[in-house]
Amino acid sequence: MASAKVASIWRYPVKSMIGEELNACEITDKGLLGDRAYGVIDHETGKLANAKNPKKWPNMFQYRANFIDPLIKGASIPPVRITFPSGRSIISTDKNKNELLSNSLNRKVHLSIPSTIDRQFEGYIPEEIEELDNKGSIFTKTSPEGTFFDIDMVHIITTSTINYLRKLAPESRIEPRRFRPNLIIEVPDTDAFIENEWVGKTLTIGNVQLKVSQETKRCVMTTLAQGDLTKDPNVLRSIVRNNAGSFGVYASVVKPGRVNIGDTIEISPNF
């Protein structure tokens, strides 16, 4: 496992919008610097706009977000540019940003940053996945305090798991962007859901240490269209049938630092 290395790094400046691929990034105690730094809040419910509930937010993956300036550790998070499906873009410092976002999303919303207030989000359990419980229902969860994350601070998948699911579901396009990872780890010569074995272990990447907290239970987001990827319920169906719905892992940050593409990774035993 010593040959495992960082293959790709992603952050998502606005929750549930398409993000940025990076060559390197600072990792803080709350994940990748700038990850989910902004969120769109629904005025009616006070909850986060979230692609997990496509019944209410059907077009979140048609919006893109990127920072207009480089991020610097210890400095304020810079403004973000949001590009609408129409091609129009706004900057988070624009006075009329909330009006334009509301008009585009067809709901009254405002752009926000995380706070100490608990922030909830909704998810939809798709009806077409027979193996799922409570099909067709809406659930509500709460982000970790001071974040817009779903569960934990860093989301990790491997090339091993991507390639294995491609073999299990050859009729589907299994692309990493369906799963919105922060880190994609290349694990050569392994053909399995290898991340399942990492729960409770510590990943050391240069001077960064990440403690793997739990498997990532997948949701309807993996099935949604984005870019040239079409809607495909078979992606989630295949994960449920072959790995109890898990694909990748979440991790907390034990030791912050900088991660670069190509960094090698050491995996320690469970504590």
# chains A, B, ... in the order shown; residues from 1 in each chain; ligands from 1

$ select_by_dssp --residues "stretch 22-227 of chain A" --states "alpha helix (DSSP H)" --output "list in words"
Lys97, Asn98, Glu99, Leu100, Leu101, Ser102, Asn103, Ser104, Leu105, Thr159, Ser160, Thr161, Ile162, Asn163, Tyr164, Leu165, Arg166, Lys167 and Leu168 of chain A

$ residues_around --residues "stretch 134-145 of chain A" --least-positions-apart "2" --cutoff "10 Å" --atoms "only C-alpha atoms" --output "VMD selection string"
chain A and resid 30 47 to 48 52 to 53 55 114 to 132 147 to 153

$ select_by_dssp --residues "stretch 55-205 of chain A" --states "strand (DSSP E)" --output "number ranges by chain"
A: 64-67, 80-83, 89-91, 109-112, 120-124, 138-142, 154-158, 183-186, 202-205

$ write_last_selection --atoms "N, CA and C atoms" --output "mmCIF file, in the first residue's frame"
data_model
loop_
_atom_site.group_PDB
_atom_site.id
_atom_site.type_symbol
_atom_site.label_atom_id
_atom_site.label_comp_id
_atom_site.auth_asym_id
_atom_site.auth_seq_id
_atom_site.Cartn_x
_atom_site.Cartn_y
_atom_site.Cartn_z
ATOM 1 N N ARG A 64 -21.886 26.397 -11.627
ATOM 2 C CA ARG A 64 -20.461 26.194 -11.354
ATOM 3 C C ARG A 64 -19.950 27.306 -10.446
ATOM 4 N N ALA A 65 -18.972 26.958 -9.625
ATOM 5 C CA ALA A 65 -18.430 27.942 -8.683
ATOM 6 C C ALA A 65 -16.909 27.871 -8.669
ATOM 7 N N ASN A 66 -16.274 29.038 -8.689
ATOM 8 C CA ASN A 66 -14.817 29.099 -8.556
ATOM 9 C C ASN A 66 -14.418 30.391 -7.869
ATOM 10 N N PHE A 67 -13.324 30.333 -7.129
ATOM 11 C CA PHE A 67 -12.825 31.526 -6.449
ATOM 12 C C PHE A 67 -12.155 32.452 -7.454
ATOM 13 N N VAL A 80 -16.431 34.445 -4.470
ATOM 14 C CA VAL A 80 -16.598 33.325 -5.391
ATOM 15 C C VAL A 80 -17.416 33.789 -6.592
ATOM 16 N N ARG A 81 -17.082 33.240 -7.738
ATOM 17 C CA ARG A 81 -17.872 33.485 -8.951
ATOM 18 C C ARG A 81 -18.814 32.294 -9.165
ATOM 19 N N ILE A 82 -20.084 32.577 -9.380
ATOM 20 C CA ILE A 82 -21.068 31.538 -9.677
ATOM 21 C C ILE A 82 -21.551 31.732 -11.104
ATOM 22 N N THR A 83 -21.426 30.696 -11.902
ATOM 23 C CA THR A 83 -21.882 30.738 -13.283
ATOM 24 C C THR A 83 -23.193 29.969 -13.394
ATOM 25 N N SER A 89 -22.830 35.048 -15.092
ATOM 26 C CA SER A 89 -22.108 34.825 -13.847
ATOM 27 C C SER A 89 -22.280 36.013 -12.917
ATOM 28 N N ILE A 90 -22.178 35.718 -11.620
ATOM 29 C CA ILE A 90 -22.231 36.746 -10.598
ATOM 30 C C ILE A 90 -21.051 36.530 -9.648
ATOM 31 N N ILE A 91 -20.742 37.551 -8.886
ATOM 32 C CA ILE A 91 -19.712 37.470 -7.858
ATOM 33 C C ILE A 91 -20.401 37.614 -6.499
ATOM 34 N N VAL A 109 -33.879 32.716 -2.147
ATOM 35 C CA VAL A 109 -32.685 32.177 -1.492
ATOM 36 C C VAL A 109 -31.709 33.308 -1.206
ATOM 37 N N HIS A 110 -30.702 32.988 -0.388
ATOM 38 C CA HIS A 110 -29.577 33.913 -0.233
ATOM 39 C C HIS A 110 -28.293 33.120 -0.073
ATOM 40 N N LEU A 111 -27.197 33.726 -0.488
ATOM 41 C CA LEU A 111 -25.875 33.112 -0.375
ATOM 42 C C LEU A 111 -25.343 33.369 1.021
ATOM 43 N N SER A 112 -24.737 32.336 1.632
ATOM 44 C CA SER A 112 -24.304 32.446 3.020
ATOM 45 C C SER A 112 -22.960 31.755 3.202
ATOM 46 N N GLN A 120 -29.419 22.607 8.456
ATOM 47 C CA GLN A 120 -29.961 21.346 7.966
ATOM 48 C C GLN A 120 -30.034 21.331 6.447
ATOM 49 N N PHE A 121 -30.110 20.112 5.915
ATOM 50 C CA PHE A 121 -30.331 19.927 4.489
ATOM 51 C C PHE A 121 -31.223 18.708 4.290
ATOM 52 N N GLU A 122 -31.870 18.672 3.143
ATOM 53 C CA GLU A 122 -32.801 17.590 2.836
ATOM 54 C C GLU A 122 -32.228 16.661 1.777
ATOM 55 N N GLY A 123 -32.696 15.428 1.779
ATOM 56 C CA GLY A 123 -32.327 14.467 0.747
ATOM 57 C C GLY A 123 -33.538 13.653 0.335
ATOM 58 N N TYR A 124 -33.515 13.216 -0.905
ATOM 59 C CA TYR A 124 -34.620 12.429 -1.473
ATOM 60 C C TYR A 124 -34.147 11.006 -1.720
ATOM 61 N N ILE A 138 -38.504 11.994 1.808
ATOM 62 C CA ILE A 138 -37.526 13.055 2.035
ATOM 63 C C ILE A 138 -36.995 12.925 3.461
ATOM 64 N N PHE A 139 -35.658 12.965 3.612
ATOM 65 C CA PHE A 139 -35.061 12.944 4.951
ATOM 66 C C PHE A 139 -34.362 14.278 5.211
ATOM 67 N N THR A 140 -34.108 14.567 6.469
ATOM 68 C CA THR A 140 -33.414 15.790 6.867
ATOM 69 C C THR A 140 -32.218 15.429 7.729
ATOM 70 N N LYS A 141 -31.064 16.038 7.446
ATOM 71 C CA LYS A 141 -29.859 15.855 8.250
ATOM 72 C C LYS A 141 -29.258 17.214 8.579
ATOM 73 N N THR A 142 -28.309 17.219 9.508
ATOM 74 C CA THR A 142 -27.675 18.459 9.958
ATOM 75 C C THR A 142 -26.181 18.414 9.668
ATOM 76 N N VAL A 154 -13.362 15.572 5.078
ATOM 77 C CA VAL A 154 -12.698 15.232 3.822
ATOM 78 C C VAL A 154 -13.344 13.972 3.256
ATOM 79 N N HIS A 155 -13.667 14.016 1.964
ATOM 80 C CA HIS A 155 -14.303 12.881 1.298
ATOM 81 C C HIS A 155 -13.294 12.251 0.331
ATOM 82 N N ILE A 156 -13.099 10.938 0.452
ATOM 83 C CA ILE A 156 -12.035 10.231 -0.265
ATOM 84 C C ILE A 156 -12.620 9.061 -1.054
ATOM 85 N N ILE A 157 -12.191 8.916 -2.312
ATOM 86 C CA ILE A 157 -12.459 7.711 -3.082
ATOM 87 C C ILE A 157 -11.143 7.250 -3.708
ATOM 88 N N THR A 158 -11.129 6.027 -4.239
ATOM 89 C CA THR A 158 -9.918 5.489 -4.851
ATOM 90 C C THR A 158 -10.160 5.080 -6.296
ATOM 91 N N LEU A 183 -10.461 14.056 -2.412
ATOM 92 C CA LEU A 183 -9.218 13.391 -2.818
ATOM 93 C C LEU A 183 -9.550 12.099 -3.549
ATOM 94 N N ILE A 184 -8.908 11.915 -4.697
ATOM 95 C CA ILE A 184 -8.937 10.619 -5.378
ATOM 96 C C ILE A 184 -7.557 10.007 -5.202
ATOM 97 N N ILE A 185 -7.522 8.833 -4.618
ATOM 98 C CA ILE A 185 -6.270 8.163 -4.316
ATOM 99 C C ILE A 185 -6.059 7.011 -5.293
ATOM 100 N N GLU A 186 -4.906 7.008 -5.919
ATOM 101 C CA GLU A 186 -4.561 5.914 -6.831
ATOM 102 C C GLU A 186 -4.014 4.746 -6.020
ATOM 103 N N THR A 202 -5.516 5.667 9.888
ATOM 104 C CA THR A 202 -5.016 7.015 9.635
ATOM 105 C C THR A 202 -4.223 7.036 8.337
ATOM 106 N N LEU A 203 -4.557 7.983 7.464
ATOM 107 C CA LEU A 203 -3.820 8.185 6.216
ATOM 108 C C LEU A 203 -2.837 9.330 6.429
ATOM 109 N N THR A 204 -1.572 9.078 6.160
ATOM 110 C CA THR A 204 -0.548 10.113 6.245
ATOM 111 C C THR A 204 -0.135 10.503 4.841
ATOM 112 N N ILE A 205 -0.325 11.789 4.512
ATOM 113 C CA ILE A 205 -0.004 12.324 3.186
ATOM 114 C C ILE A 205 0.951 13.488 3.410
#

$ closest_residue --among "A:Val253, A:Ile267, A:Ile261, A:Leu101" --to "A:Glu21" --atoms "only C-alpha atoms"
A:Ile261

$ closest_residue --among "A:Ala251, A:Leu210, A:Leu236, A:Leu224" --to "A:Arg177" --atoms "only C-alpha atoms"
A:Leu224

$ atom_distance --atom1 "atom CA of A:Thr223" --atom2 "atom CA of A:Gly31"
25.2 Å

$ closest_residue --among "A:Asn50, A:Ile68, A:Gly257, A:Arg178" --to "A:Ser92" --atoms "only C-alpha atoms"
A:Ile68

$ closest_residue --among "A:Gly248, A:Gly206, A:Gly146, A:Pro85" --to "A:Asn182" --atoms "only C-alpha atoms"
A:Gly248

$ residues_around --residues "stretch 2-12 of chain A" --least-positions-apart "6" --cutoff "7 Å" --atoms "only C-alpha atoms" --output "VMD selection string"
chain A and resid 18 to 24 32 35 to 36 181 to 188 261 to 266

$ closest_residue --among "A:Tyr38, A:Thr216, A:Trp198, A:Gly74" --to "A:Glu26" --atoms "only C-alpha atoms"
A:Gly74

$ atom_distance --atom1 "atom CA of A:Ser238" --atom2 "atom CA of A:Asp133"
15.5 Å

$ closest_residue --among "A:Thr93, A:Pro233, A:Ser246, A:Ala37" --to "A:Ala169" --atoms "only C-alpha atoms"
A:Pro233
